[in-house]
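Source file: protein.csv; contents: CSV, C-alpha atoms.
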```
chain,number,residue,atom,x,y,z
A,1,MET,CA,69.9,100.7,99.6
A,2,ALA,CA,70.5,102.2,96.1
A,3,ALA,CA,71.7,99.7,93.6
A,4,THR,CA,73.3,100.0,90.1
A,5,LEU,CA,73.9,97.2,87.7
A,6,ILE,CA,76.6,97.9,85.2
A,7,THR,CA,76.5,95.6,82.1
A,8,GLY,CA,78.2,95.2,78.8
A,9,ALA,CA,81.7,96.4,79.6
A,10,LYS,CA,84.9,94.4,79.6
A,11,VAL,CA,86.0,94.5,83.2
A,12,TRP,CA,89.6,94.9,84.2
A,13,ASP,CA,90.1,94.3,87.9
A,14,GLY,CA,93.3,96.3,88.4
A,15,LEU,CA,95.4,93.2,88.9
A,16,ALA,CA,95.3,91.1,85.8
A,17,ASP,CA,98.0,91.4,83.2
A,18,GLY,CA,95.5,91.8,80.3
A,19,PRO,CA,92.1,93.1,79.6
A,20,GLY,CA,89.2,91.2,81.2
A,21,GLU,CA,86.1,89.7,79.8
A,22,ARG,CA,82.6,91.1,79.6
A,23,ARG,CA,81.1,91.0,83.1
A,24,ASP,CA,78.2,92.5,85.0
A,25,VAL,CA,79.0,94.5,88.1
A,26,LEU,CA,76.3,95.1,90.8
A,27,VAL,CA,76.9,98.0,93.1
A,28,GLU,CA,74.8,98.4,96.3
A,29,GLY,CA,75.3,101.4,98.4
A,30,ASP,CA,79.0,102.2,98.3
A,31,ARG,CA,80.2,98.6,97.7
A,32,ILE,CA,80.7,96.2,94.8
A,33,ARG,CA,78.3,93.3,95.7
A,34,ARG,CA,78.6,90.9,92.8
A,35,ILE,CA,80.6,90.4,89.7
A,36,GLY,CA,79.6,87.8,87.1
A,37,THR,CA,77.6,87.0,84.0
A,38,ASP,CA,73.9,87.5,83.7
A,39,VAL,CA,73.7,89.1,87.1
A,40,GLU,CA,70.1,89.9,87.9
A,41,ALA,CA,69.2,93.5,88.7
A,42,PRO,CA,67.5,93.9,92.1
A,43,GLN,CA,64.1,95.6,92.0
A,44,GLY,CA,64.5,99.3,91.5
A,45,ALA,CA,68.1,99.1,90.5
A,46,GLU,CA,69.4,101.4,87.8
A,47,VAL,CA,70.9,99.5,84.8
A,48,ILE,CA,73.7,101.1,82.9
A,49,ASP,CA,74.8,99.6,79.6
A,50,LEU,CA,78.5,100.2,78.9
A,51,SER,CA,78.8,98.0,75.8
A,52,GLY,CA,82.0,98.9,73.9
A,53,HIS,CA,83.7,100.2,77.1
A,54,THR,CA,86.4,99.0,79.4
A,55,LEU,CA,85.5,99.3,83.1
A,56,THR,CA,88.5,99.8,85.5
A,57,PRO,CA,89.0,100.8,89.1
A,58,GLY,CA,88.9,104.5,89.7
A,59,PHE,CA,92.2,106.2,88.8
A,60,MET,CA,94.5,107.7,91.5
A,61,ASP,CA,96.8,110.6,90.9
A,62,CYS,CA,99.5,110.4,93.6
A,63,HIS,CA,101.0,113.8,93.0
A,64,THR,CA,98.8,116.8,92.5
A,65,HIS,CA,98.6,120.4,93.5
A,66,VAL,CA,95.0,121.4,93.3
A,67,THR,CA,95.4,124.9,94.6
A,68,VAL,CA,98.3,125.7,92.4
A,69,THR,CA,98.2,126.9,88.8
A,70,PRO,CA,101.1,127.1,86.2
A,71,ASP,CA,101.4,130.7,87.2
A,72,ILE,CA,102.6,129.8,90.7
A,73,VAL,CA,103.3,133.4,91.6
A,74,SER,CA,99.6,134.2,91.4
A,75,ALA,CA,99.1,131.9,94.4
A,76,PHE,CA,100.8,134.5,96.6
A,77,THR,CA,98.1,137.1,95.7
A,78,LYS,CA,95.2,135.0,96.8
A,79,SER,CA,93.8,134.6,100.3
A,80,PRO,CA,93.4,131.0,101.6
A,81,ALA,CA,89.6,131.3,101.1
A,82,ALA,CA,90.1,132.4,97.5
A,83,MET,CA,92.6,129.6,96.8
A,84,ALA,CA,90.0,127.1,98.1
A,85,LEU,CA,87.3,128.6,95.9
A,86,TRP,CA,89.4,128.6,92.8
A,87,SER,CA,90.2,124.9,93.4
A,88,LEU,CA,86.6,123.8,93.3
A,89,PRO,CA,86.4,123.5,89.5
A,90,VAL,CA,89.8,121.8,89.5
A,91,LEU,CA,88.5,119.1,91.8
A,92,ARG,CA,85.5,118.6,89.5
A,93,THR,CA,87.8,118.4,86.5
A,94,LEU,CA,90.0,115.7,88.1
A,95,LEU,CA,87.0,113.7,89.1
A,96,MET,CA,85.5,113.9,85.6
A,97,ASN,CA,88.9,112.7,84.2
A,98,GLY,CA,88.3,109.5,86.2
A,99,PHE,CA,90.5,110.3,89.2
A,100,THR,CA,88.5,109.3,92.2
A,101,THR,CA,91.4,109.7,94.6
A,102,VAL,CA,94.3,112.2,94.6
A,103,ARG,CA,97.2,112.8,96.9
A,104,ASP,CA,98.0,116.5,97.1
A,105,LEU,CA,101.6,117.2,97.8
A,106,MET,CA,101.8,120.9,98.7
A,107,CYS,CA,99.7,124.0,98.6
A,108,THR,CA,101.0,127.6,98.7
A,109,ASP,CA,98.6,128.5,101.4
A,110,VAL,CA,100.4,129.6,104.6
A,111,GLY,CA,97.6,128.0,106.5
A,112,TYR,CA,96.0,124.6,106.0
A,113,GLY,CA,93.2,125.2,103.6
A,114,ILE,CA,94.0,122.0,101.7
A,115,VAL,CA,93.1,120.0,104.9
A,116,ASP,CA,89.8,121.8,105.0
A,117,LEU,CA,89.2,120.9,101.3
A,118,ARG,CA,89.9,117.3,102.0
A,119,ASP,CA,87.5,117.3,104.9
A,120,ALA,CA,84.8,119.1,102.9
A,121,ILE,CA,85.0,116.4,100.2
A,122,GLU,CA,84.8,113.7,102.8
A,123,ALA,CA,81.7,115.3,104.4
A,124,GLY,CA,80.0,115.6,101.0
A,125,LEU,CA,80.0,119.4,101.0
A,126,VAL,CA,82.3,119.6,97.9
A,127,ASP,CA,82.3,117.5,94.8
A,128,GLY,CA,85.8,116.0,94.0
A,129,PRO,CA,88.1,113.1,94.4
A,130,ARG,CA,88.9,111.9,97.9
A,131,MET,CA,92.1,113.5,99.0
A,132,LEU,CA,95.2,112.6,101.0
A,133,VAL,CA,97.3,115.7,101.7
A,134,ALA,CA,100.7,116.9,102.6
A,135,PRO,CA,99.9,120.6,103.2
A,136,HIS,CA,103.4,122.1,102.8
A,137,LEU,CA,106.8,121.2,101.5
A,138,ILE,CA,109.3,121.1,104.3
A,139,SER,CA,112.4,122.5,102.8
A,140,ALA,CA,115.9,123.7,103.6
A,141,ARG,CA,116.3,127.5,103.3
A,142,GLY,CA,117.5,128.1,99.8
A,143,GLY,CA,116.0,124.8,98.8
A,144,HIS,CA,113.1,124.0,96.4
A,145,GLY,CA,110.4,125.0,98.9
A,146,ASP,CA,111.9,128.3,100.0
A,147,PHE,CA,109.8,130.6,97.7
A,148,SER,CA,111.7,133.7,98.8
A,149,THR,CA,114.3,132.8,96.2
A,150,ALA,CA,111.8,133.9,93.6
A,151,LEU,CA,111.9,137.5,95.0
A,152,ALA,CA,114.2,140.3,94.3
A,153,GLY,CA,117.2,140.4,96.6
A,154,GLN,CA,116.0,143.2,98.8
A,155,TYR,CA,113.0,141.1,99.8
A,156,GLN,CA,114.7,137.8,100.5
A,157,GLY,CA,115.6,138.6,104.0
A,158,SER,CA,112.5,137.4,105.6
A,159,PRO,CA,108.9,137.4,104.6
A,160,PRO,CA,107.8,134.5,106.8
A,161,PRO,CA,104.8,133.7,104.6
A,162,LEU,CA,107.1,132.7,101.8
A,163,GLU,CA,109.1,130.4,104.0
A,164,LEU,CA,106.0,128.3,104.5
A,165,ALA,CA,107.6,125.2,106.0
A,166,ALA,CA,111.3,126.1,105.8
A,167,ALA,CA,113.4,124.2,108.4
A,168,ASP,CA,117.1,123.6,108.9
A,169,GLY,CA,118.7,121.2,111.4
A,170,CYS,CA,117.1,118.2,113.0
A,171,ALA,CA,115.4,120.1,115.9
A,172,GLU,CA,113.6,122.6,113.6
A,173,ILE,CA,112.8,119.9,111.1
A,174,ARG,CA,111.1,117.8,113.8
A,175,THR,CA,109.1,120.8,114.9
A,176,ARG,CA,107.9,121.4,111.4
A,177,VAL,CA,106.9,117.7,111.0
A,178,ARG,CA,104.9,117.8,114.2
A,179,GLN,CA,103.2,121.1,113.2
A,180,GLU,CA,102.1,119.5,109.9
A,181,VAL,CA,100.7,116.4,111.6
A,182,ARG,CA,99.0,118.4,114.3
A,183,ALA,CA,97.2,120.3,111.5
A,184,GLY,CA,95.9,117.2,109.9
A,185,ALA,CA,98.5,116.1,107.4
A,186,ASP,CA,98.1,112.6,105.9
A,187,TRP,CA,101.6,112.7,104.5
A,188,ILE,CA,104.8,114.6,105.0
A,189,LYS,CA,106.6,115.9,102.0
A,190,PHE,CA,110.1,117.4,102.1
A,191,GLY,CA,112.7,118.7,99.6
A,192,ALA,CA,115.6,116.3,99.2
A,193,THR,CA,117.0,118.1,96.1
A,194,GLY,CA,116.5,121.3,94.2
A,195,GLY,CA,114.1,121.5,91.3
A,196,PHE,CA,113.6,122.6,87.7
A,197,SER,CA,110.9,125.2,88.4
A,198,SER,CA,112.6,127.1,91.2
A,199,PRO,CA,115.1,129.8,90.4
A,200,GLY,CA,117.5,129.5,93.3
A,201,ASP,CA,118.5,125.8,93.3
A,202,ASP,CA,119.5,123.0,91.0
A,203,PRO,CA,117.8,119.6,90.6
A,204,GLY,CA,121.1,117.8,91.1
A,205,GLN,CA,121.8,119.5,94.5
A,206,THR,CA,121.0,117.6,97.7
A,207,THR,CA,119.6,120.0,100.1
A,208,TYR,CA,119.3,118.0,103.3
A,209,SER,CA,122.0,115.9,105.0
A,210,GLN,CA,121.5,112.2,105.8
A,211,GLU,CA,121.1,113.1,109.4
A,212,GLU,CA,118.3,115.7,108.7
A,213,MET,CA,116.4,113.3,106.3
A,214,THR,CA,116.6,110.5,108.8
A,215,ALA,CA,115.3,112.7,111.6
A,216,LEU,CA,112.5,114.0,109.5
A,217,VAL,CA,111.2,110.6,108.4
A,218,ALA,CA,111.6,109.2,111.9
A,219,ALA,CA,109.6,112.1,113.4
A,220,ALA,CA,106.8,111.4,110.9
A,221,ALA,CA,106.9,107.7,111.5
A,222,ASP,CA,106.6,108.2,115.3
A,223,LEU,CA,103.3,109.9,114.6
A,224,GLY,CA,102.1,107.2,112.1
A,225,VAL,CA,102.5,109.4,109.0
A,226,PRO,CA,104.5,108.3,105.9
A,227,ALA,CA,107.0,110.7,104.2
A,228,THR,CA,108.0,111.3,100.6
A,229,PRO,CA,110.6,113.6,99.1
A,230,HIS,CA,110.6,115.9,96.2
A,231,CYS,CA,113.8,114.4,94.7
A,232,TYR,CA,115.5,114.4,91.3
A,233,GLY,CA,119.2,113.6,91.9
A,234,ASP,CA,121.0,110.4,92.7
A,235,GLU,CA,122.4,111.3,96.1
A,236,GLY,CA,119.1,112.8,97.3
A,237,ALA,CA,117.3,109.5,96.4
A,238,ARG,CA,119.9,107.4,98.1
A,239,ARG,CA,119.7,109.4,101.3
A,240,ALA,CA,115.9,109.3,101.2
A,241,VAL,CA,115.9,105.5,100.8
A,242,ARG,CA,118.3,105.1,103.7
A,243,ALA,CA,116.0,107.4,105.8
A,244,GLY,CA,113.0,105.1,105.2
A,245,VAL,CA,110.7,107.0,102.9
A,246,ARG,CA,107.7,105.3,101.4
A,247,SER,CA,107.9,106.9,98.0
A,248,ILE,CA,110.1,109.2,96.0
A,249,GLU,CA,108.6,111.9,93.9
A,250,HIS,CA,110.1,112.4,90.4
A,251,ALA,CA,113.5,110.5,90.6
A,252,ASN,CA,114.0,111.6,87.0
A,253,LEU,CA,117.8,111.9,87.4
A,254,ALA,CA,118.2,108.6,89.2
A,255,SER,CA,120.9,106.3,87.7
A,256,ALA,CA,120.3,102.7,87.0
A,257,GLU,CA,122.3,101.8,90.1
A,258,THR,CA,120.1,104.1,92.3
A,259,LEU,CA,116.9,102.7,90.7
A,260,LYS,CA,118.1,99.2,91.7
A,261,MET,CA,118.6,100.4,95.2
A,262,ILE,CA,115.1,101.9,95.2
A,263,GLU,CA,113.7,98.6,93.7
A,264,ASP,CA,115.5,96.5,96.3
A,265,SER,CA,114.2,98.6,99.2
A,266,GLY,CA,110.6,98.4,98.1
A,267,VAL,CA,110.2,102.1,97.8
A,268,PHE,CA,107.7,103.4,95.3
A,269,VAL,CA,108.6,105.9,92.6
A,270,VAL,CA,106.1,108.5,91.3
A,271,PRO,CA,107.9,109.7,88.1
A,272,THR,CA,105.6,112.6,86.9
A,273,GLN,CA,106.9,112.1,83.4
A,274,TYR,CA,104.3,114.1,81.4
A,275,THR,CA,105.7,117.4,82.6
A,276,VAL,CA,109.4,116.5,83.0
A,277,ILE,CA,110.1,114.3,80.0
A,278,ASP,CA,108.2,116.6,77.6
A,279,ASP,CA,110.4,119.5,78.7
A,280,ALA,CA,113.5,117.3,78.4
A,281,ARG,CA,112.6,116.3,74.9
A,282,ASN,CA,112.1,120.0,73.9
A,283,ALA,CA,115.0,121.3,75.9
A,284,PHE,CA,116.6,123.0,72.9
A,285,GLU,CA,113.4,124.0,71.1
A,286,GLU,CA,113.1,127.7,71.5
A,287,HIS,CA,109.4,127.8,70.7
A,288,HIS,CA,108.7,125.4,73.6
A,289,TRP,CA,110.0,128.0,76.2
A,290,LYS,CA,108.2,131.1,75.1
A,291,GLY,CA,107.3,133.2,78.1
A,292,VAL,CA,109.2,130.9,80.5
A,293,PRO,CA,112.1,132.2,82.7
A,294,ALA,CA,115.5,131.6,81.2
A,295,PHE,CA,116.7,129.5,84.2
A,296,LYS,CA,114.2,126.7,83.4
A,297,PRO,CA,115.3,125.8,79.9
A,298,ARG,CA,118.9,126.1,81.0
A,299,LYS,CA,118.4,123.4,83.6
A,300,PHE,CA,116.6,121.1,81.1
A,301,GLN,CA,119.4,121.6,78.6
A,302,LYS,CA,122.0,120.7,81.3
A,303,TYR,CA,120.2,117.5,82.3
A,304,GLN,CA,118.5,116.5,79.1
A,305,LYS,CA,120.5,113.3,78.5
A,306,ALA,CA,120.3,112.2,82.1
A,307,LEU,CA,116.6,112.7,82.2
A,308,LEU,CA,116.0,110.7,79.0
A,309,ASP,CA,118.4,107.9,80.1
A,310,SER,CA,116.7,107.7,83.5
A,311,ALA,CA,113.3,107.3,81.9
A,312,GLU,CA,114.6,104.4,79.8
A,313,ASN,CA,116.2,102.8,82.9
A,314,LEU,CA,113.0,103.2,84.9
A,315,ALA,CA,111.0,101.3,82.3
A,316,ALA,CA,113.6,98.5,82.3
A,317,SER,CA,113.5,98.2,86.1
A,318,GLU,CA,111.1,96.5,88.4
A,319,VAL,CA,110.6,99.5,90.6
A,320,LYS,CA,107.1,99.9,92.0
A,321,ILE,CA,105.8,102.8,89.8
A,322,ALA,CA,102.8,104.7,91.1
A,323,PHE,CA,100.9,107.2,88.9
A,324,GLY,CA,101.4,110.9,89.6
A,325,THR,CA,101.4,113.9,87.4
A,326,ASP,CA,102.4,117.2,89.2
A,327,ALA,CA,99.1,118.6,87.9
A,328,GLY,CA,99.0,122.3,88.8
A,329,MET,CA,102.4,122.8,87.3
A,330,PHE,CA,100.4,122.3,84.1
A,331,PRO,CA,96.6,122.5,83.5
A,332,HIS,CA,94.9,120.0,85.8
A,333,GLY,CA,92.7,118.7,83.0
A,334,ASP,CA,95.7,117.3,81.2
A,335,ASN,CA,96.7,115.0,84.0
A,336,TRP,CA,95.4,111.9,82.1
A,337,ARG,CA,98.2,112.5,79.6
A,338,GLU,CA,100.6,110.9,82.1
A,339,PHE,CA,99.4,107.5,80.8
A,340,PRO,CA,100.5,108.0,77.1
A,341,MET,CA,103.7,109.7,78.2
A,342,MET,CA,104.6,106.7,80.4
A,343,VAL,CA,103.9,104.3,77.5
A,344,SER,CA,105.9,106.4,75.1
A,345,ASN,CA,108.9,106.0,77.5
A,346,GLY,CA,108.7,102.2,77.4
A,347,ILE,CA,106.4,101.5,80.3
A,348,ALA,CA,103.9,98.8,79.3
A,349,PRO,CA,100.2,99.9,79.2
A,350,VAL,CA,99.3,97.4,81.8
A,351,ARG,CA,102.0,98.7,84.1
A,352,ALA,CA,100.8,102.3,83.6
A,353,LEU,CA,97.2,101.3,84.4
A,354,LYS,CA,98.3,99.4,87.5
A,355,ALA,CA,100.3,102.4,88.5
A,356,ALA,CA,97.1,104.4,88.7
A,357,THR,CA,95.0,101.7,90.4
A,358,SER,CA,96.2,98.7,92.4
A,359,VAL,CA,99.8,100.0,92.9
A,360,ALA,CA,98.7,103.5,93.8
A,361,ALA,CA,96.3,102.0,96.3
A,362,ASP,CA,99.2,100.0,97.8
A,363,LEU,CA,101.3,103.1,98.1
A,364,LEU,CA,98.5,105.1,99.7
A,365,GLY,CA,97.5,102.4,102.1
A,366,LEU,CA,93.9,102.3,100.7
A,367,ASP,CA,93.1,98.6,100.9
A,368,ASP,CA,89.5,98.9,99.8
A,369,LEU,CA,90.3,100.7,96.6
A,370,GLY,CA,92.3,100.2,93.4
A,371,VAL,CA,90.7,96.9,92.4
A,372,ILE,CA,87.3,95.7,91.2
A,373,ALA,CA,86.3,92.9,93.6
A,374,GLU,CA,83.3,91.9,95.6
A,375,GLY,CA,83.1,93.8,98.9
A,376,LYS,CA,85.5,96.6,97.8
A,377,ILE,CA,84.4,100.3,97.6
A,378,ALA,CA,82.7,101.0,94.3
A,379,ASP,CA,85.2,103.5,92.7
A,380,LEU,CA,84.7,102.7,89.0
A,381,VAL,CA,85.5,104.4,85.7
A,382,ALA,CA,84.9,103.4,82.1
A,383,MET,CA,86.1,104.5,78.7
A,384,PRO,CA,85.0,103.6,75.2
A,385,GLY,CA,87.7,101.4,73.6
A,386,ASP,CA,90.5,99.4,75.1
A,387,PRO,CA,93.4,101.2,76.9
A,388,PHE,CA,95.6,98.1,76.6
A,389,THR,CA,95.8,98.6,72.8
A,390,ASP,CA,95.1,102.3,72.8
A,391,ILE,CA,96.4,104.1,75.9
A,392,GLN,CA,94.8,107.3,74.6
A,393,ALA,CA,91.5,105.8,75.6
A,394,THR,CA,92.3,106.9,79.2
A,395,GLY,CA,91.6,110.5,78.0
A,396,ARG,CA,88.0,109.5,76.9
A,397,VAL,CA,86.6,108.5,80.3
A,398,ASP,CA,82.8,109.0,80.1
A,399,PHE,CA,81.7,107.0,83.2
A,400,VAL,CA,82.7,107.9,86.8
A,401,MET,CA,81.4,106.3,89.9
A,402,LYS,CA,83.0,107.3,93.3
A,403,GLN,CA,82.0,105.3,96.3
A,404,GLY,CA,78.8,104.1,94.7
A,405,THR,CA,77.7,107.6,93.6
A,406,LEU,CA,77.5,108.2,89.8
A,407,HIS,CA,79.2,111.4,88.8
A,408,LYS,CA,79.4,111.0,85.1
A,409,ARG,CA,77.5,108.8,82.7
A,410,PRO,CA,78.0,108.1,79.1
A,411,ASP,CA,76.1,110.1,76.5
A,412,PRO,CA,73.5,107.7,75.0
A,413,GLY,CA,74.4,109.1,71.6
A,414,THR,CA,78.1,108.3,71.9
A,415,ASP,CA,79.5,106.0,69.3
A,416,ARG,CA,80.8,103.0,71.2
```
Would you mind writing the file's structure down as C-alpha cells?
Amino acid sequence: MAATLITGAKVWDGLADGPGERRDVLVEGDRIRRIGTDVEAPQGAEVIDLSGHTLTPGFMDCHTHVTVTPDIVSAFTKSPAAMALWSLPVLRTLLMNGFTTVRDLMCTDVGYGIVDLRDAIEAGLVDGPRMLVAPHLISARGGHGDFSTALAGQYQGSPPPLELAAADGCAEIRTRVRQEVRAGADWIKFGATGGFSSPGDDPGQTTYSQEEMTALVAAAADLGVPATPHCYGDEGARRAVRAGVRSIEHANLASAETLKMIEDSGVFVVPTQYTVIDDARNAFEEHHWKGVPAFKPRKFQKYQKALLDSAENLAASEVKIAFGTDAGMFPHGDNWREFPMMVSNGIAPVRALKAATSVAADLLGLDDLGVIAEGKIADLVAMPGDPFTDIQATGRVDFVMKQGTLHKRPDPGTDR
C-alpha cells in the first residue's frame, strides 16, 4: 500500500477554533493512518516537507457550474459532448485550487452530461474534484430557470430545450423531480425566486407557491435525495424552510428575521458572496458593468442596500454557513476568492475555513471528509503561510492530495 508522510506543516483539523501545531500526517492508501509528532515513515514511503505551510482538509465548493461560462448564452451553442470536453480544464483548475469536492448545481445541457462527468471522475477516467450533482434547475415557467426569457419574443413560445426542467403545479413538479433522480441526481435544485442574471424575473419575486415547494421537497425526500433552492428573497426563503430544504443557495436578500428562522431550523446557507456582494458594492459604478446587459445593474441598484445589510446580518447570525461560489458565473479559477470576500463582510476567518471543510461536509453528508483525523479519507491541501491571519493564503494552495493521491506538490524553490 502506497504511503506518504507529510511533515513540517501546522495542521488544522477542520474543527478547531484556531490554527493547529506542527504535526506529522501519515497517509496510507486513501486514508489518514496516523497524526502525531515524530511519526516514523514506513519503508518506501514518500516524505514531503511542508515547513512554513498550513495543512487543512481539502476544500469543498458547494455551489459550482462546471459546464457554464460567464457567457452563458454560449452554452446553448455546444453539444453535450462539447460541454463535457470544455469542462475538463475547469475541473483541473478547481482541483488545483484545493477544492477536492464540489457540488454542481445546474448545467445547461438538455441531457445529463454532468452525471457522466461525475461518474468519470469517480472511475478515475477524468482528473477533478469528486462531484455531487443537481443536473437541472427545476423552475416555474417565467422563473429563473426558464431560459426562453432570454430570447426574442417570437421565439419564447416553445423551444423545449430551453425549458430544460420547467415545471408548474404539483403534479408536473413531482414528475420533474423523479426524472432528475432517475437520471442520477444527488441533489434536487429548484428556483424559489427570480435572480439577478436572468432578464425575465426579479430576485425579490417568489416563483413557486408554498404548496408547490412542499410537494417538490417531499417528492425528493421520498427518493432519499435532499433539495436546495436558488433563493434571494425573504418570502422564498421562508417557504423553502417550511418545505424542509437542507440548504438555501444565496439568501442574499434575507432579512435578520428570516435569517433567524433559517438558523432555528438548522438549514444551511450557501451565500455565494464573491459574485453577489462585489456587484452590490459596485452597483452604481458605470465601469463595472461594461458589456453587461442593462437589466443586471438595474437590479443591483434596486437591491444594493438590502444586499449589503443582509451580508452584515448573516455575519452576525449563527446560521450554518457552507462555502459556495457560483463559479461559472465568473471564471472558475477565481472561486477561492470567496474566502476573502466572506471575511471582508465580517465572517471570521475560522468560520469561513470551516464553511469549506467540516461544515460543507456536514451539509453534503460526507462523513469521511472535511476533517483531518485518523481513519478519515486523505483529502488534504496546504498553503504557505497562515490563513487565520492572512485569508489570502487560500489563494496560494500549492499542495493538493485527493483520496491519498497527490495532484499538486510544492515547488522546492518556493519561498516558505
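Distance annotation: of A:Gly236, A:Gly224, A:Gly128, A:Pro387, the residue with the minimal separation from Phe190 of chain A is A:Gly236; atom set is only C-alpha atoms.
Closest to Lys189 of chain A among A:Lys376, A:Lys299, A:His63, A:Arg118 is A:His63, based on all atoms listed in the file.
Candidate residues A:Asp334, A:Glu212, A:Glu180, A:Asp202 were compared for distance to Ala140 of chain A, and the nearest is A:Glu212, using all atoms listed in the file.
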Q) Can you tell me, as a ChimeraX atom specification, what residues are no more than 9 Å from Ala243 of chain A when counting all atoms listed in the file, ignoring any on the same chain fewer than 2 positions away? A) /A:210-211,213-218,238-241,245
Q: Find the residues near segment 253-269 of chain A: any atom within 6 Å, counting only C-alpha atoms, skip ones fewer than 4 places away on the same chain, and give them as a count of residues only.
A: 13
